[in-house]
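Asker: For reference, the file start04.pdb (PDB, C-alpha atoms) is included below:
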```pdb
ATOM      1  CA  MET B1453     216.663 -60.775  48.971  1.00  0.00           C
ATOM      2  CA  TYR B1454     217.768 -57.461  47.557  1.00  0.00           C
ATOM      3  CA  LEU B1455     221.173 -57.063  46.001  1.00  0.00           C
ATOM      4  CA  MET B1456     222.763 -53.727  46.670  1.00  0.00           C
ATOM      5  CA  GLU B1457     223.744 -53.080  43.044  1.00  0.00           C
ATOM      6  CA  ASP B1458     220.297 -53.955  41.609  1.00  0.00           C
ATOM      7  CA  VAL B1459     218.125 -51.533  43.593  1.00  0.00           C
ATOM      8  CA  VAL B1460     218.214 -47.781  44.143  1.00  0.00           C
ATOM      9  CA  TYR B1461     217.913 -46.970  47.832  1.00  0.00           C
ATOM     10  CA  ASP B1462     216.810 -43.765  49.539  1.00  0.00           C
ATOM     11  CA  VAL B1463     218.767 -43.485  52.788  1.00  0.00           C
ATOM     12  CA  ILE B1464     216.526 -42.599  55.722  1.00  0.00           C
ATOM     13  CA  ALA B1465     219.093 -42.722  58.528  1.00  0.00           C
ATOM     14  CA  THR B1466     222.650 -43.841  59.105  1.00  0.00           C
ATOM     15  CA  GLN B1467     224.801 -44.171  62.210  1.00  0.00           C
ATOM     16  CA  VAL B1468     228.200 -45.540  63.201  1.00  0.00           C
ATOM     17  CA  ALA B1469     228.370 -47.447  66.499  1.00  0.00           C
ATOM     18  CA  ALA B1470     231.880 -47.816  67.894  1.00  0.00           C
ATOM     19  CA  PRO B1471     233.159 -49.122  71.208  1.00  0.00           C
ATOM     20  CA  GLU B1472     234.589 -46.568  73.587  1.00  0.00           C
ATOM     21  CA  LYS B1473     238.273 -46.215  72.780  1.00  0.00           C
ATOM     22  CA  LYS B1474     240.137 -46.086  76.067  1.00  0.00           C
ATOM     23  CA  HIS B1475     243.838 -46.910  75.829  1.00  0.00           C
ATOM     24  CA  ILE B1476     244.428 -48.006  72.254  1.00  0.00           C
ATOM     25  CA  ARG B1477     242.818 -45.437  69.984  1.00  0.00           C
ATOM     26  CA  SER B1478     244.078 -46.464  66.538  1.00  0.00           C
ATOM     27  CA  GLU B1479     245.534 -49.304  64.518  1.00  0.00           C
ATOM     28  CA  GLY B1480     248.926 -47.541  64.628  1.00  0.00           C
ATOM     29  CA  ALA B1481     248.902 -47.666  68.437  1.00  0.00           C
ATOM     30  CA  LEU B1482     247.989 -51.362  68.236  1.00  0.00           C
ATOM     31  CA  TYR B1483     250.928 -52.099  65.918  1.00  0.00           C
ATOM     32  CA  ALA B1484     253.321 -50.136  68.155  1.00  0.00           C
ATOM     33  CA  LEU B1485     252.049 -52.100  71.141  1.00  0.00           C
ATOM     34  CA  LEU B1486     252.542 -55.395  69.275  1.00  0.00           C
ATOM     35  CA  VAL B1487     256.140 -54.464  68.364  1.00  0.00           C
ATOM     36  CA  LEU B1488     256.804 -53.610  71.998  1.00  0.00           C
ATOM     37  CA  GLY B1489     255.163 -56.901  72.954  1.00  0.00           C
ATOM     38  CA  ALA B1490     257.449 -58.765  70.543  1.00  0.00           C
ATOM     39  CA  LEU B1491     260.493 -57.243  72.237  1.00  0.00           C
ATOM     40  CA  LEU B1492     259.087 -58.249  75.630  1.00  0.00           C
ATOM     41  CA  VAL B1493     258.434 -61.777  74.343  1.00  0.00           C
ATOM     42  CA  ILE B1494     262.071 -62.085  73.255  1.00  0.00           C
ATOM     43  CA  GLY B1495     263.375 -60.942  76.637  1.00  0.00           C
ATOM     44  CA  LEU B1496     260.834 -62.868  78.690  1.00  0.00           C
ATOM     45  CA  GLY B1497     261.258 -65.949  76.495  1.00  0.00           C
ATOM     46  CA  ASN B1498     265.016 -66.009  77.091  1.00  0.00           C
ATOM     47  CA  ARG B1499     264.529 -65.656  80.847  1.00  0.00           C
ATOM     48  CA  LEU B1500     261.844 -68.359  81.001  1.00  0.00           C
ATOM     49  CA  GLN B1501     263.911 -70.703  78.848  1.00  0.00           C
ATOM     50  CA  ALA B1502     266.922 -70.354  81.161  1.00  0.00           C
ATOM     51  CA  TRP B1503     264.803 -70.571  84.323  1.00  0.00           C
ATOM     52  CA  LEU B1504     262.589 -73.524  83.294  1.00  0.00           C
ATOM     53  CA  GLY B1505     265.053 -75.298  80.999  1.00  0.00           C
ATOM     54  CA  LEU B1506     262.472 -75.620  78.198  1.00  0.00           C
ATOM     55  CA  PRO B1507     263.307 -75.502  74.480  1.00  0.00           C
ATOM     56  CA  PRO B1508     263.266 -71.950  73.087  1.00  0.00           C
ATOM     57  CA  VAL B1509     260.850 -72.850  70.291  1.00  0.00           C
ATOM     58  CA  LEU B1510     258.234 -73.963  72.816  1.00  0.00           C
ATOM     59  CA  VAL B1511     258.577 -70.967  75.143  1.00  0.00           C
ATOM     60  CA  GLN B1512     258.694 -68.330  72.407  1.00  0.00           C
ATOM     61  CA  GLY B1513     255.973 -70.067  70.364  1.00  0.00           C
ATOM     62  CA  VAL B1514     253.554 -69.946  73.288  1.00  0.00           C
ATOM     63  CA  LEU B1515     254.411 -66.321  74.108  1.00  0.00           C
ATOM     64  CA  TYR B1516     254.020 -65.191  70.469  1.00  0.00           C
ATOM     65  CA  ALA B1517     250.704 -67.050  70.214  1.00  0.00           C
ATOM     66  CA  LEU B1518     249.463 -65.203  73.318  1.00  0.00           C
ATOM     67  CA  LEU B1519     250.647 -61.890  71.861  1.00  0.00           C
ATOM     68  CA  LEU B1520     248.860 -62.530  68.546  1.00  0.00           C
ATOM     69  CA  ALA B1521     245.668 -63.581  70.357  1.00  0.00           C
ATOM     70  CA  LEU B1522     245.768 -60.351  72.382  1.00  0.00           C
ATOM     71  CA  GLY B1523     246.322 -58.285  69.223  1.00  0.00           C
ATOM     72  CA  TYR B1524     243.409 -59.994  67.454  1.00  0.00           C
ATOM     73  CA  TRP B1525     241.130 -59.432  70.456  1.00  0.00           C
ATOM     74  CA  VAL B1526     241.996 -55.718  70.599  1.00  0.00           C
ATOM     75  CA  LEU B1527     241.517 -55.310  66.842  1.00  0.00           C
ATOM     76  CA  ARG B1528     238.236 -57.242  66.745  1.00  0.00           C
ATOM     77  CA  PHE B1529     236.552 -55.938  69.881  1.00  0.00           C
ATOM     78  CA  ARG B1530     238.119 -52.516  70.508  1.00  0.00           C
ATOM     79  CA  LEU B1531     238.910 -51.098  67.055  1.00  0.00           C
ATOM     80  CA  THR B1532     235.948 -52.452  65.073  1.00  0.00           C
ATOM     81  CA  SER B1533     232.829 -50.352  64.592  1.00  0.00           C
ATOM     82  CA  HIS B1534     229.543 -50.922  62.764  1.00  0.00           C
ATOM     83  CA  ARG B1535     227.609 -48.678  60.400  1.00  0.00           C
ATOM     84  CA  TYR B1536     223.837 -49.077  60.463  1.00  0.00           C
ATOM     85  CA  THR B1537     222.001 -47.806  57.377  1.00  0.00           C
ATOM     86  CA  LEU B1538     218.205 -47.645  57.204  1.00  0.00           C
ATOM     87  CA  THR B1539     216.816 -47.164  53.690  1.00  0.00           C
ATOM     88  CA  ASP B1540     213.327 -47.172  52.240  1.00  0.00           C
ATOM     89  CA  LYS B1541     213.673 -50.875  51.314  1.00  0.00           C
ATOM     90  CA  ALA B1542     216.174 -52.502  53.694  1.00  0.00           C
ATOM     91  CA  PHE B1543     218.349 -52.213  56.779  1.00  0.00           C
ATOM     92  CA  PHE B1544     222.106 -52.765  56.348  1.00  0.00           C
ATOM     93  CA  VAL B1545     224.877 -53.418  58.852  1.00  0.00           C
ATOM     94  CA  THR B1546     228.474 -52.911  57.718  1.00  0.00           C
ATOM     95  CA  ARG B1547     231.548 -53.849  59.780  1.00  0.00           C
ATOM     96  CA  LEU B1548     234.250 -51.159  59.693  1.00  0.00           C
ATOM     97  CA  THR B1549     237.803 -52.114  60.657  1.00  0.00           C
ATOM     98  CA  GLY B1550     240.436 -49.571  59.779  1.00  0.00           C
ATOM     99  CA  ARG B1551     239.898 -48.815  56.097  1.00  0.00           C
ATOM    100  CA  SER B1552     238.053 -52.024  55.285  1.00  0.00           C
ATOM    101  CA  GLU B1553     234.281 -52.399  55.100  1.00  0.00           C
ATOM    102  CA  LYS B1554     232.288 -55.616  55.011  1.00  0.00           C
ATOM    103  CA  LEU B1555     228.524 -55.932  54.647  1.00  0.00           C
ATOM    104  CA  ILE B1556     227.462 -58.426  57.311  1.00  0.00           C
ATOM    105  CA  ALA B1557     223.682 -58.051  57.371  1.00  0.00           C
ATOM    106  CA  GLU B1558     221.073 -56.993  54.838  1.00  0.00           C
ATOM    107  CA  VAL B1559     217.496 -57.159  56.100  1.00  0.00           C
ATOM    108  CA  PRO B1560     214.593 -56.273  53.777  1.00  0.00           C
ATOM    109  CA  LEU B1561     212.060 -54.173  55.695  1.00  0.00           C
ATOM    110  CA  GLU B1562     209.145 -56.481  54.799  1.00  0.00           C
ATOM    111  CA  SER B1563     210.876 -59.416  56.523  1.00  0.00           C
ATOM    112  CA  ILE B1564     211.174 -57.607  59.887  1.00  0.00           C
ATOM    113  CA  GLU B1565     208.792 -58.988  62.490  1.00  0.00           C
ATOM    114  CA  TYR B1566     209.828 -56.845  65.465  1.00  0.00           C
ATOM    115  CA  ALA B1567     212.027 -53.832  66.103  1.00  0.00           C
ATOM    116  CA  GLY B1568     212.202 -52.519  69.647  1.00  0.00           C
ATOM    117  CA  PRO B1569     213.968 -52.855  72.989  1.00  0.00           C
ATOM    118  CA  TYR B1570     215.786 -56.099  73.764  1.00  0.00           C
ATOM    119  CA  ASP B1571     213.297 -58.763  74.842  1.00  0.00           C
ATOM    120  CA  GLY B1572     214.829 -62.111  75.815  1.00  0.00           C
ATOM    121  CA  ALA B1573     211.400 -63.701  76.312  1.00  0.00           C
ATOM    122  CA  ARG B1574     210.439 -62.931  72.706  1.00  0.00           C
ATOM    123  CA  LEU B1575     213.670 -64.555  71.506  1.00  0.00           C
ATOM    124  CA  LYS B1576     212.836 -67.768  73.370  1.00  0.00           C
ATOM    125  CA  GLU B1577     209.208 -67.675  72.254  1.00  0.00           C
ATOM    126  CA  LEU B1578     210.138 -67.506  68.565  1.00  0.00           C
ATOM    127  CA  GLY B1579     213.129 -69.841  68.860  1.00  0.00           C
ATOM    128  CA  CYS B1580     215.259 -67.092  67.399  1.00  0.00           C
ATOM    129  CA  ARG B1581     219.012 -67.294  67.069  1.00  0.00           C
ATOM    130  CA  LEU B1582     221.258 -64.291  67.574  1.00  0.00           C
ATOM    131  CA  GLY B1583     222.983 -63.098  64.436  1.00  0.00           C
ATOM    132  CA  PRO B1584     226.470 -61.611  64.238  1.00  0.00           C
ATOM    133  CA  ASN B1585     227.603 -59.369  67.076  1.00  0.00           C
ATOM    134  CA  VAL B1586     226.929 -55.841  65.783  1.00  0.00           C
ATOM    135  CA  ARG B1587     226.517 -54.008  69.069  1.00  0.00           C
ATOM    136  CA  THR B1588     228.634 -52.276  71.656  1.00  0.00           C
ATOM    137  CA  GLY B1589     227.960 -52.409  75.371  1.00  0.00           C
ATOM    138  CA  ARG B1590     225.471 -54.529  77.264  1.00  0.00           C
ATOM    139  CA  ILE B1591     222.881 -56.567  75.391  1.00  0.00           C
ATOM    140  CA  GLU B1592     220.097 -55.273  77.665  1.00  0.00           C
ATOM    141  CA  ASP B1593     220.682 -51.719  76.364  1.00  0.00           C
ATOM    142  CA  THR B1594     220.297 -52.649  72.697  1.00  0.00           C
ATOM    143  CA  THR B1595     217.609 -52.370  70.055  1.00  0.00           C
ATOM    144  CA  MET B1596     216.503 -55.801  68.909  1.00  0.00           C
ATOM    145  CA  LEU B1597     215.559 -56.560  65.319  1.00  0.00           C
ATOM    146  CA  ILE B1598     213.809 -59.893  64.659  1.00  0.00           C
ATOM    147  CA  TYR B1599     213.379 -60.933  61.047  1.00  0.00           C
ATOM    148  CA  ARG B1600     212.869 -64.013  58.905  1.00  0.00           C
ATOM    149  CA  ALA B1601     215.771 -65.056  56.700  1.00  0.00           C
ATOM    150  CA  GLU B1602     216.263 -68.353  54.901  1.00  0.00           C
ATOM    151  CA  GLY B1603     213.130 -69.751  56.531  1.00  0.00           C
ATOM    152  CA  ALA B1604     214.279 -69.172  60.123  1.00  0.00           C
ATOM    153  CA  TRP B1605     213.877 -66.392  62.671  1.00  0.00           C
ATOM    154  CA  GLN B1606     217.046 -64.399  63.213  1.00  0.00           C
ATOM    155  CA  CYS B1607     217.899 -61.543  65.530  1.00  0.00           C
ATOM    156  CA  LEU B1608     220.265 -58.584  65.444  1.00  0.00           C
ATOM    157  CA  CYS B1609     220.990 -56.545  68.559  1.00  0.00           C
ATOM    158  CA  LEU B1610     222.019 -53.005  67.633  1.00  0.00           C
ATOM    159  CA  SER B1611     223.522 -50.095  69.544  1.00  0.00           C
ATOM    160  CA  ALA B1612     221.272 -47.579  67.819  1.00  0.00           C
ATOM    161  CA  GLN B1613     221.145 -43.963  68.976  1.00  0.00           C
ATOM    162  CA  GLU B1614     217.806 -42.237  69.525  1.00  0.00           C
ATOM    163  CA  GLU B1615     217.282 -40.877  65.983  1.00  0.00           C
ATOM    164  CA  LEU B1616     217.899 -44.191  64.232  1.00  0.00           C
ATOM    165  CA  LYS B1617     216.106 -46.130  66.973  1.00  0.00           C
ATOM    166  CA  GLY B1618     213.000 -43.974  66.532  1.00  0.00           C
ATOM    167  CA  LYS B1619     212.908 -44.350  62.754  1.00  0.00           C
ATOM    168  CA  LEU B1620     213.608 -48.087  62.909  1.00  0.00           C
ATOM    169  CA  THR B1621     211.079 -48.963  65.619  1.00  0.00           C
ATOM    170  CA  GLU B1622     208.241 -46.597  64.588  1.00  0.00           C
ATOM    171  CA  PRO B1623     206.340 -49.118  62.404  1.00  0.00           C
ATOM    172  CA  TRP B1624     206.364 -51.745  65.194  1.00  0.00           C
ATOM    173  CA  LYS B1625     205.314 -49.578  68.169  1.00  0.00           C
ATOM    174  CA  ASN B1626     201.795 -51.037  68.381  1.00  0.00           C
TER
END
```
In C-alpha cells, how does this file's structure come out?
Answerer:
Amino acid sequence: MYLMEDVVYDVIATQVAAPEKKHIRSEGALYALLVLGALLVIGLGNRLQAWLGLPPVLVQGVLYALLLALGYWVLRFRLTSHRYTLTDKAFFVTRLTGRSEKLIAEVPLESIEYAGPYDGARLKELGCRLGPNVRTGRIEDTTMLIYRAEGAWQCLCLSAQEELKGKLTEPWKN
C-alpha cells in the first residue's frame, strides 16, 4: 500500500461530489436551525411534561436526543461531500465536512480489478463487500470500483462525472 507522504503523485483528474443542497446550505444554517430546535424543545418539553405528567428530565432528554440525531443526519448526509483524486499510481477518496478533510480510501491502480458502471451481479459473483459510502444519489447511477485490499475484494461506488469516469474506466473497457 502506498503512503501519501512517501510517493510523488501526478494528478490525472480530480472531482468533488456533493449532495444537492436544498434547504440547509451551510453549517451556519444547520447551527441556527439547531438553536431554534433547542428553543422548540424547551417549549414543547414543558407542554408535554404538563400534559403527560412525566418527569422533565425524561421528556427533555428524549427531545434533545431526537434533535441531536437530526442534526447529525443533516451534517453527515446533506453537508458532507467527497473529493475523488485519480493519480498515476492510485485513486484517493477524501471526505470533506466543513473545513475538515479525512482520507477514507486509497486504492493503488494495480489492485483495481474492475472500474465501470454499477453491476450488482459482479458484486455477488466476487463476494465483494461495499466499502464506505462515498456517493451521492442512487446506487444504480454510480461508477463501481472493485479492488483487492487486505486479501479480500472490496467495492467503492462513486458519483463520478463524465471526465473522471472516462479516465478511471478507460483501462477496463474491454
Asker: So which one's closest to Arg1547 of chain B, B:Ala1612, B:Val1586, B:Leu1485, B:Ala1490? Using only C-alpha atoms, please.
Answerer: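 Of all the options, B:Val1586 lies closest to Arg1547 of chain B.
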Asker: Would you mind telling me which residue in B:Ser1563, B:Thr1549, B:Gln1613, B:Gln1606 lies nearest to Leu1582 of chain B when using all atoms listed in the file?
Answerer: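 Comparing B:Ser1563, B:Thr1549, B:Gln1613, B:Gln1606 against Leu1582 of chain B, the winner is B:Gln1606.
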Asker: Report, in Å to a single decimal, how far apart atom CA of Tyr1599 of chain B and atom CA of Pro1569 of chain B are.
Answerer: 14.4 Å
Asker: Can you translate the PyMOL selection byres ((chain B and resi 1621) around 9) into the concrete residues it hits in this file, as an mmCIF file with C-alpha atoms, in the frame of the given file?
Answerer:
```
data_model
loop_
_atom_site.group_PDB
_atom_site.id
_atom_site.type_symbol
_atom_site.label_atom_id
_atom_site.label_comp_id
_atom_site.auth_asym_id
_atom_site.auth_seq_id
_atom_site.Cartn_x
_atom_site.Cartn_y
_atom_site.Cartn_z
ATOM 1 C CA TYR B 1566 209.828 -56.845 65.465
ATOM 2 C CA ALA B 1567 212.027 -53.832 66.103
ATOM 3 C CA GLY B 1568 212.202 -52.519 69.647
ATOM 4 C CA PRO B 1569 213.968 -52.855 72.989
ATOM 5 C CA THR B 1595 217.609 -52.370 70.055
ATOM 6 C CA LEU B 1597 215.559 -56.560 65.319
ATOM 7 C CA LEU B 1616 217.899 -44.191 64.232
ATOM 8 C CA LYS B 1617 216.106 -46.130 66.973
ATOM 9 C CA GLY B 1618 213.000 -43.974 66.532
ATOM 10 C CA LYS B 1619 212.908 -44.350 62.754
ATOM 11 C CA LEU B 1620 213.608 -48.087 62.909
ATOM 12 C CA GLU B 1622 208.241 -46.597 64.588
ATOM 13 C CA PRO B 1623 206.340 -49.118 62.404
ATOM 14 C CA TRP B 1624 206.364 -51.745 65.194
ATOM 15 C CA LYS B 1625 205.314 -49.578 68.169
#
```
Asker: Just want the 9 Å neighbourhood of Val1559 of chain B, counted on all atoms listed in the file, with same-chain residues fewer than 4 positions away dropped. Output as a short mmCIF file (atom, residue, chain, number, x, y, z; two decimals) with C-alpha atoms, keeping the file's coordinate frame.
Answerer:
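The resulting out.cif:
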```
data_model
loop_
_atom_site.label_atom_id
_atom_site.label_comp_id
_atom_site.auth_asym_id
_atom_site.auth_seq_id
_atom_site.Cartn_x
_atom_site.Cartn_y
_atom_site.Cartn_z
CA MET B 1453 216.66 -60.78 48.97
CA TYR B 1454 217.77 -57.46 47.56
CA LYS B 1541 213.67 -50.88 51.31
CA ALA B 1542 216.17 -52.50 53.69
CA PHE B 1543 218.35 -52.21 56.78
CA PHE B 1544 222.11 -52.76 56.35
CA VAL B 1545 224.88 -53.42 58.85
CA SER B 1563 210.88 -59.42 56.52
CA ILE B 1564 211.17 -57.61 59.89
CA TYR B 1599 213.38 -60.93 61.05
CA ARG B 1600 212.87 -64.01 58.90
CA ALA B 1601 215.77 -65.06 56.70
#
```
Asker: Reconstruct N, CA, C and O atoms of segment 1488-1514 of chain B from the incomplete input and present them as a compact mmCIF listing (two decimals), in the frame of the given file.
Answerer:
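Done, and the output landed in out01.txt:
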```txt
# COMPACT_ATOMS: atom_id res chain seq x y z
N LEU B 1488 256.29 -53.63 70.63
CA LEU B 1488 256.80 -53.61 72.00
C LEU B 1488 256.60 -54.97 72.66
O LEU B 1488 257.48 -55.46 73.37
N GLY B 1489 255.44 -55.57 72.41
CA GLY B 1489 255.16 -56.90 72.95
C GLY B 1489 256.13 -57.93 72.41
O GLY B 1489 256.55 -58.84 73.14
N ALA B 1490 256.49 -57.83 71.13
CA ALA B 1490 257.45 -58.76 70.54
C ALA B 1490 258.81 -58.66 71.23
O ALA B 1490 259.46 -59.67 71.51
N LEU B 1491 259.22 -57.43 71.52
CA LEU B 1491 260.49 -57.24 72.24
C LEU B 1491 260.41 -57.84 73.64
O LEU B 1491 261.36 -58.47 74.12
N LEU B 1492 259.27 -57.65 74.30
CA LEU B 1492 259.09 -58.25 75.63
C LEU B 1492 259.07 -59.77 75.55
O LEU B 1492 259.61 -60.44 76.44
N VAL B 1493 258.47 -60.33 74.51
CA VAL B 1493 258.43 -61.78 74.34
C VAL B 1493 259.85 -62.32 74.18
O VAL B 1493 260.19 -63.37 74.75
N ILE B 1494 260.69 -61.63 73.44
CA ILE B 1494 262.07 -62.08 73.26
C ILE B 1494 262.80 -62.11 74.60
O ILE B 1494 263.41 -63.12 74.97
N GLY B 1495 262.70 -61.01 75.33
CA GLY B 1495 263.38 -60.94 76.64
C GLY B 1495 262.81 -61.92 77.64
O GLY B 1495 263.55 -62.66 78.31
N LEU B 1496 261.48 -61.96 77.74
CA LEU B 1496 260.83 -62.87 78.69
C LEU B 1496 261.05 -64.32 78.29
O LEU B 1496 261.26 -65.19 79.15
N GLY B 1497 261.04 -64.58 76.98
CA GLY B 1497 261.26 -65.95 76.50
C GLY B 1497 262.64 -66.46 76.87
O GLY B 1497 262.79 -67.61 77.29
N ASN B 1498 263.65 -65.61 76.72
CA ASN B 1498 265.02 -66.01 77.09
C ASN B 1498 265.12 -66.29 78.58
O ASN B 1498 265.76 -67.25 79.00
N ARG B 1499 264.49 -65.45 79.39
CA ARG B 1499 264.53 -65.66 80.85
C ARG B 1499 263.81 -66.95 81.25
O ARG B 1499 264.30 -67.70 82.06
N LEU B 1500 262.60 -67.15 80.67
CA LEU B 1500 261.84 -68.36 81.00
C LEU B 1500 262.56 -69.62 80.52
O LEU B 1500 262.55 -70.65 81.20
N GLN B 1501 263.19 -69.55 79.38
CA GLN B 1501 263.91 -70.70 78.85
C GLN B 1501 265.05 -71.08 79.78
O GLN B 1501 265.25 -72.25 80.10
N ALA B 1502 265.81 -70.08 80.25
CA ALA B 1502 266.92 -70.35 81.16
C ALA B 1502 266.42 -70.84 82.51
O ALA B 1502 267.00 -71.73 83.13
N TRP B 1503 265.33 -70.25 82.99
CA TRP B 1503 264.80 -70.57 84.32
C TRP B 1503 264.13 -71.95 84.36
O TRP B 1503 264.33 -72.72 85.28
N LEU B 1504 263.32 -72.27 83.31
CA LEU B 1504 262.59 -73.52 83.29
C LEU B 1504 263.33 -74.64 82.55
O LEU B 1504 262.95 -75.81 82.67
N GLY B 1505 264.31 -74.29 81.75
CA GLY B 1505 265.05 -75.30 81.00
C GLY B 1505 264.25 -75.90 79.85
O GLY B 1505 264.49 -77.03 79.46
N LEU B 1506 263.29 -75.15 79.32
CA LEU B 1506 262.47 -75.62 78.20
C LEU B 1506 263.11 -75.21 76.88
O LEU B 1506 263.87 -74.24 76.82
N PRO B 1507 262.77 -75.90 75.79
CA PRO B 1507 263.31 -75.50 74.48
C PRO B 1507 262.80 -74.11 74.08
O PRO B 1507 261.65 -73.76 74.33
N PRO B 1508 263.66 -73.32 73.45
CA PRO B 1508 263.27 -71.95 73.09
C PRO B 1508 262.08 -71.89 72.13
O PRO B 1508 261.27 -70.97 72.21
N VAL B 1509 261.96 -72.85 71.24
CA VAL B 1509 260.85 -72.85 70.29
C VAL B 1509 259.51 -72.96 71.03
O VAL B 1509 258.55 -72.26 70.70
N LEU B 1510 259.47 -73.78 72.04
CA LEU B 1510 258.23 -73.96 72.82
C LEU B 1510 257.88 -72.69 73.59
O LEU B 1510 256.75 -72.20 73.50
N VAL B 1511 258.83 -72.15 74.31
CA VAL B 1511 258.58 -70.97 75.14
C VAL B 1511 258.19 -69.78 74.27
O VAL B 1511 257.17 -69.13 74.50
N GLN B 1512 258.98 -69.49 73.25
CA GLN B 1512 258.69 -68.33 72.41
C GLN B 1512 257.44 -68.54 71.57
O GLN B 1512 256.69 -67.60 71.32
N GLY B 1513 257.19 -69.77 71.13
CA GLY B 1513 255.97 -70.07 70.36
C GLY B 1513 254.73 -69.78 71.17
O GLY B 1513 253.78 -69.16 70.67
N VAL B 1514 254.71 -70.20 72.43
CA VAL B 1514 253.55 -69.95 73.29
C VAL B 1514 253.40 -68.45 73.55
O VAL B 1514 252.29 -67.91 73.48
```
